[in-house]
Amino acid sequence: MTRAAGRPAALPKPGYQAPRRLFLDDGQCLVRFFPERGGPPVDYDFAAFPIARELVVWLATAFAGSTAPAGRRRTTSSATSAFGLLRRFAHHLASLNRPPAHPAQLRAAHLESFQMAGLGTPNLNRELPTLRSVLRFAPEGAGQDFLARLASKGLERNSTPAASYTTAEFDRITTTARSQLRRAADRIFAGRELLARWRAGQIDAEADPRTWQHGELLDYVERHGDVPRRDTRWGRQPDYCVRPFGAGRLMADLHLTFSDVGAAGVLLLCLTGQNYSTISTATATHHRADGHTGTTATAVVDLVKPRRGRDRAHMPTAFSSSAPGGPGGSPHRQFDLHTPFGVYALLVDLAGAARAHVGTDLLLVFFCSKGVEKARGFRTGLPNAILASWSRGANLRADALGEDGLPIPLVVDSRRLRMSWLERHQQPVAHTERTLANEYLARNRGNLAGYQKVVAAVLEEQLAGARAAQVMRVLTAVDVAEARQRPEAVARRHGLDPATLSKLLAGELDTVLGGCTDHLAGPHSPAGEPCRASFLLCLSCPCARATPAHLPVLIAVHEGLQARKQEMTPLRWAERFAGPVAQLADLLASFPTATIATTRTEITAEQRALVERFLTRGLDLT
């Protein structure tokens with residue numbers, strides 16, 4: 001394991017329960033960093049910082065957030081640079097006459113003095129935005145004037161934070177990439193057809209000598225992975241017979257090019273929402289989960305995300321199609337470029353010959369005629385800056401106009417593609433739903449106004465449906481007291497028979513949110529069959545009744561659903577829970593406010609455990 005500057009730090013003890021990246025044990029304050037592109041993890045030890053323990057933990061927590069998967073410090077060099085900056089900031093605070101003892105004592109003057117102390121430093125303009133970008137991940141507790149100064153123009157970031165593309169821009173990128181990959185597939189399939197005809201003797205050398213020679217050269221390319229060459233004073237150059245066709249064109253007739261792989265990488269990013277490095281290192285090895293049975297085609301691929309840590313880096317991921325899969329392989333000239341499976345299966349086919357020449361199992365292999373990285377030959381993965389190069393070649397234009405009133409170039413960035421996918425699909429990819437909501441979408445301002453309109457529309461729709469539905473009927477405390485003296489009258493008023501009312505009040509009919517008076521007559525199952533619907537549907541079921549005995553659970557479920565807002569995206573929360581929360585609010589309005597306040601303090605541990613099992617779907621039948 002490599003180590004950064006700082007005194008040696010012990011690893012956490014066995015069984016020590018701590019965050020995966022930040023370890024606080026025996027006076028240590030250790031942050032473990034996993035580089036995005038793989039390599040050994042690096043440990044950054046904050047324990048040697050000459051400041052108070054509370055400030056050390058505060059800075060270490062900020063550093064852990066900035067180097068986490070949702071942060072911007074993704075390489076070892078950028079993480080080490082940020083660590084060095086925080087160390088210099090800590091030494092500066094320690095050198096003051098009255099150094100702060102905890103984050104609440106940080107003031108704007110501390111930033112001003114740190115800035116003055118750095119005058120003459122070549123990297124001053126770059127370090128201050130870095131400090132701001134790291135401290136945005138710090139926990140709450142710093143002084144307000146410190147936070148205000150940190151956000152002021154004097155500490156502006158030099159780069160624009162990654163934000164999503166507009167819907168039109170994202171669709172334009174996807175369509176352009178899809179069109180180019182389709183043209184590349186048509187070109188390679190045409191080259192294979194010509195080669196097959198030449199090998200079958202279907203081309204007459206005398207009647208069509210050029211086509212015959214073209215087929216002969218493709219045969220050489222297919223067998224050797226290169227065009228015929230001769231030795232010259234300038235090295236090995238293409239033979240004279242290659243000139244009429246061009247070496248690059250002959251190789252492109254059977255193999256993907258640099259630009260083709262750029263389009264393929266962009267399309268996979270647009271369709272899957274995965275990270276750039278994950279797609280770059282994807283392999284052609286896969287398992288057909290559908291078993292080629294004609295059901296929905298699905299390939300399970302072992303993707304790798306090194307920053308998840310050694311034990312969790314490998315992610316079996318399903319690439320599915322929207323249509324049944326055939327017996328295997330890509331149908332000739334009939335390929336699907338609208339689903340992850342379709343694109344993946346096509347690339348497995350198109351790069352198969354190049355994969356064999358290189359001796360690799362990586363999915364993306366292409367021929368580079370101009371030596372983009374090192375020299376002429378085959379390359380693997382997604383080279384650096386290939387997306388920006390591809391977008392320039394595709395002549396993409398953004399929706400925004402420049403100062404001259406003309407559209408400005410649209411540069412494709414993998415982070416923005418991922419942000420756009422997450423915003424559009426509202427589903428986590430290789431991270432938790434909490435990270436999706438609180439990190440990726442929370443910092444995305446690319447299309448915030450449009451997203452807010454969508455969430456507002458869904459909320460309005462869910463609330464209207466909840467209010468239109470019948471709310472579960474409630475027996476008040478007065479009803480319960482009257483039932484002891486006049487059970488027939490109370491039962492008749494609530495549409496029950498006296499025997500069912502007695503069982504309801506005795507708790508014999510309890511489910512979670514209330515009591516079920518007839519589990520064979522529910523509207524969500526065929527008549528005469530036991531109800532298997534979610535307990536949340538009890539809120540609008542005519543067979544359900546709530547009594548004061550159910551009030552603690554009703555309150556706990558209402559609070560639990562409200563708390564889910566912090567763990568889910570706003571749109572998904574609105575779709576799943578806005579209606580039930582509105583129904584619960586209406587139902588709780590049937591009880592006096594004082595009763596609800598008193599009951600909230602009397603909820604037992606057993607009742608909270610029941611609610612937790614319910615909300616985490618531990619009570620579901622399927």
# chains A, B, ... in the order shown; residues from 1 in each chain; ligands from 1
$ residues_around --residues "Thr476 of chain A" --least-positions-apart "2" --cutoff "9 Å" --atoms "only C-alpha atoms" --output "ChimeraX atom specification"
/A:474,478-481,546-548,590-591
$ residues_around --residues "segment 98-100 of chain A" --least-positions-apart "6" --cutoff "9 Å" --atoms "only C-alpha atoms" --output "PyMOL selection string"
chain A and resi 51-52+55+92+106-107
$ residues_around --residues "Arg243 of chain A" --least-positions-apart "6" --cutoff "12 Å" --atoms "only C-alpha atoms" --output "JSON, numbers by chain"
{"A": [213, 214, 217, 227, 228, 229, 237, 249, 250]}
$ write_last_selection --atoms "N, CA and C atoms" --output "compact mmCIF listing (two decimals), in the first residue's frame"
# COMPACT_ATOMS: atom_id res chain seq x y z
N GLN A 213 -8.68 -6.85 -56.57
CA GLN A 213 -7.50 -6.46 -55.79
C GLN A 213 -7.89 -5.95 -54.41
N HIS A 214 -9.03 -5.26 -54.34
CA HIS A 214 -9.54 -4.79 -53.05
C HIS A 214 -9.80 -5.98 -52.11
N LEU A 217 -6.47 -7.48 -50.89
CA LEU A 217 -5.86 -6.69 -49.81
C LEU A 217 -6.61 -6.86 -48.50
N VAL A 227 -1.64 -3.61 -43.48
CA VAL A 227 -1.57 -3.66 -44.94
C VAL A 227 -0.17 -4.14 -45.36
N PRO A 228 -0.03 -4.63 -46.60
CA PRO A 228 1.32 -5.02 -47.06
C PRO A 228 2.27 -3.84 -47.01
N ARG A 229 3.49 -4.06 -46.54
CA ARG A 229 4.46 -2.99 -46.39
C ARG A 229 5.81 -3.40 -47.00
N GLN A 237 6.93 1.28 -45.06
CA GLN A 237 5.84 2.05 -45.63
C GLN A 237 4.90 1.12 -46.39
N ARG A 249 -8.00 3.53 -45.24
CA ARG A 249 -9.32 3.07 -45.68
C ARG A 249 -9.40 1.55 -45.63
N LEU A 250 -8.33 0.87 -46.05
CA LEU A 250 -8.34 -0.60 -46.03
C LEU A 250 -8.51 -1.12 -44.60
$ select_by_dssp --residues "segment 127-245 of chain A" --states "strand (DSSP E or B)" --output "VMD selection string"
chain A and resid 229 to 232 235 to 238
$ write_last_selection --atoms "C-alpha atoms" --output "mmCIF file, in the first residue's frame"
data_model
loop_
_atom_site.group_PDB
_atom_site.id
_atom_site.type_symbol
_atom_site.label_atom_id
_atom_site.label_comp_id
_atom_site.auth_asym_id
_atom_site.auth_seq_id
_atom_site.Cartn_x
_atom_site.Cartn_y
_atom_site.Cartn_z
ATOM 1 C CA ARG A 229 4.465 -2.989 -46.392
ATOM 2 C CA ARG A 230 7.969 -2.579 -47.807
ATOM 3 C CA ASP A 231 11.230 -1.393 -46.257
ATOM 4 C CA THR A 232 12.297 2.153 -47.182
ATOM 5 C CA GLY A 235 10.960 2.839 -42.334
ATOM 6 C CA ARG A 236 8.309 0.324 -43.334
ATOM 7 C CA GLN A 237 5.839 2.047 -45.630
ATOM 8 C CA PRO A 238 2.656 0.710 -47.336
#
$ residues_around --residues "segment 64-71 of chain A" --least-positions-apart "2" --cutoff "6 Å" --atoms "only C-alpha atoms" --output "PDB file with C-alpha atoms, in the first residue's frame"
ATOM      1  CA  THR A  61     -14.250  14.833   6.593  1.00  0.00           C
ATOM      2  CA  ALA A  62     -14.224  17.541   3.909  1.00  0.00           C
ATOM      3  CA  ARG A  73     -10.653  14.780  -6.733  1.00  0.00           C
ATOM      4  CA  VAL A 134     -12.823  20.841  -0.867  1.00  0.00           C
ATOM      5  CA  PHE A 137     -17.923  18.863   1.560  1.00  0.00           C
TER       6      PHE A 137
END
$ residues_around --residues "Phe378 of chain A" --least-positions-apart "2" --cutoff "8 Å" --atoms "only C-alpha atoms" --output "JSON, numbers by chain"
{"A": [354, 358, 365, 366, 367, 368, 376, 380]}
$ atom_distance --atom1 "atom CA of Trp58 of chain A" --atom2 "atom CA of Phe83 of chain A"
13.2 Å
$ atom_distance --atom1 "atom CA of Thr616 of chain A" --atom2 "atom CA of Phe319 of chain A"
26.9 Å
$ atom_distance --atom1 "atom CA of Ser420 of chain A" --atom2 "atom CA of Val301 of chain A"
23.0 Å
$ residues_around --residues "segment 488-492 of chain A" --least-positions-apart "6" --cutoff "10 Å" --atoms "only C-alpha atoms" --output "list in words"
Leu475, Asp479, Val480, Ala481, Glu482, Pro498, Ala499, Thr500, Leu501 and Ser502 of chain A
$ write_last_selection --atoms "N, CA, C and O atoms" --output "compact mmCIF listing (two decimals), in the first residue's frame"
# COMPACT_ATOMS: atom_id res chain seq x y z
N LEU A 475 -61.97 5.39 13.77
CA LEU A 475 -62.77 5.35 14.99
C LEU A 475 -62.07 6.20 16.03
O LEU A 475 -60.91 5.93 16.40
N ASP A 479 -65.70 7.18 19.86
CA ASP A 479 -66.32 5.97 19.31
C ASP A 479 -65.94 4.74 20.13
O ASP A 479 -66.78 3.86 20.40
N VAL A 480 -64.67 4.66 20.52
CA VAL A 480 -64.22 3.50 21.30
C VAL A 480 -64.92 3.46 22.65
O VAL A 480 -65.36 2.39 23.10
N ALA A 481 -65.07 4.62 23.29
CA ALA A 481 -65.75 4.65 24.59
C ALA A 481 -67.23 4.28 24.44
O ALA A 481 -67.80 3.54 25.25
N GLU A 482 -67.88 4.77 23.37
CA GLU A 482 -69.29 4.48 23.15
C GLU A 482 -69.50 3.01 22.82
O GLU A 482 -70.54 2.42 23.17
N PRO A 498 -71.30 -6.08 14.91
CA PRO A 498 -70.75 -6.00 16.27
C PRO A 498 -69.59 -6.96 16.52
O PRO A 498 -68.63 -6.61 17.21
N ALA A 499 -69.64 -8.16 15.94
CA ALA A 499 -68.55 -9.12 16.17
C ALA A 499 -67.24 -8.62 15.56
O ALA A 499 -66.17 -8.71 16.17
N THR A 500 -67.32 -8.06 14.33
CA THR A 500 -66.12 -7.53 13.69
C THR A 500 -65.59 -6.32 14.45
O THR A 500 -64.38 -6.16 14.61
N LEU A 501 -66.51 -5.47 14.94
CA LEU A 501 -66.09 -4.31 15.73
C LEU A 501 -65.35 -4.75 16.98
O LEU A 501 -64.32 -4.15 17.35
N SER A 502 -65.85 -5.78 17.64
CA SER A 502 -65.19 -6.28 18.85
C SER A 502 -63.79 -6.77 18.56
O SER A 502 -62.84 -6.48 19.30
$ closest_residue --among "A:Leu619, A:Val471, A:Leu387, A:Val261" --to "Ala533 of chain A" --atoms "only C-alpha atoms"
A:Leu619
$ residues_around --residues "Leu85 of chain A" --least-positions-apart "5" --cutoff "10 Å" --atoms "only C-alpha atoms" --output "PyMOL selection string"
chain A and resi 79-80+90-91+127-128+130-131+134
$ closest_residue --among "A:Arg424, A:His292, A:Cys541, A:Glu216" --to "Ala196 of chain A" --atoms "only C-alpha atoms"
A:Glu216
$ closest_residue --among "A:Glu508, A:Glu575, A:Asp518, A:Asp413" --to "Ile173 of chain A" --atoms "only C-alpha atoms"
A:Asp413
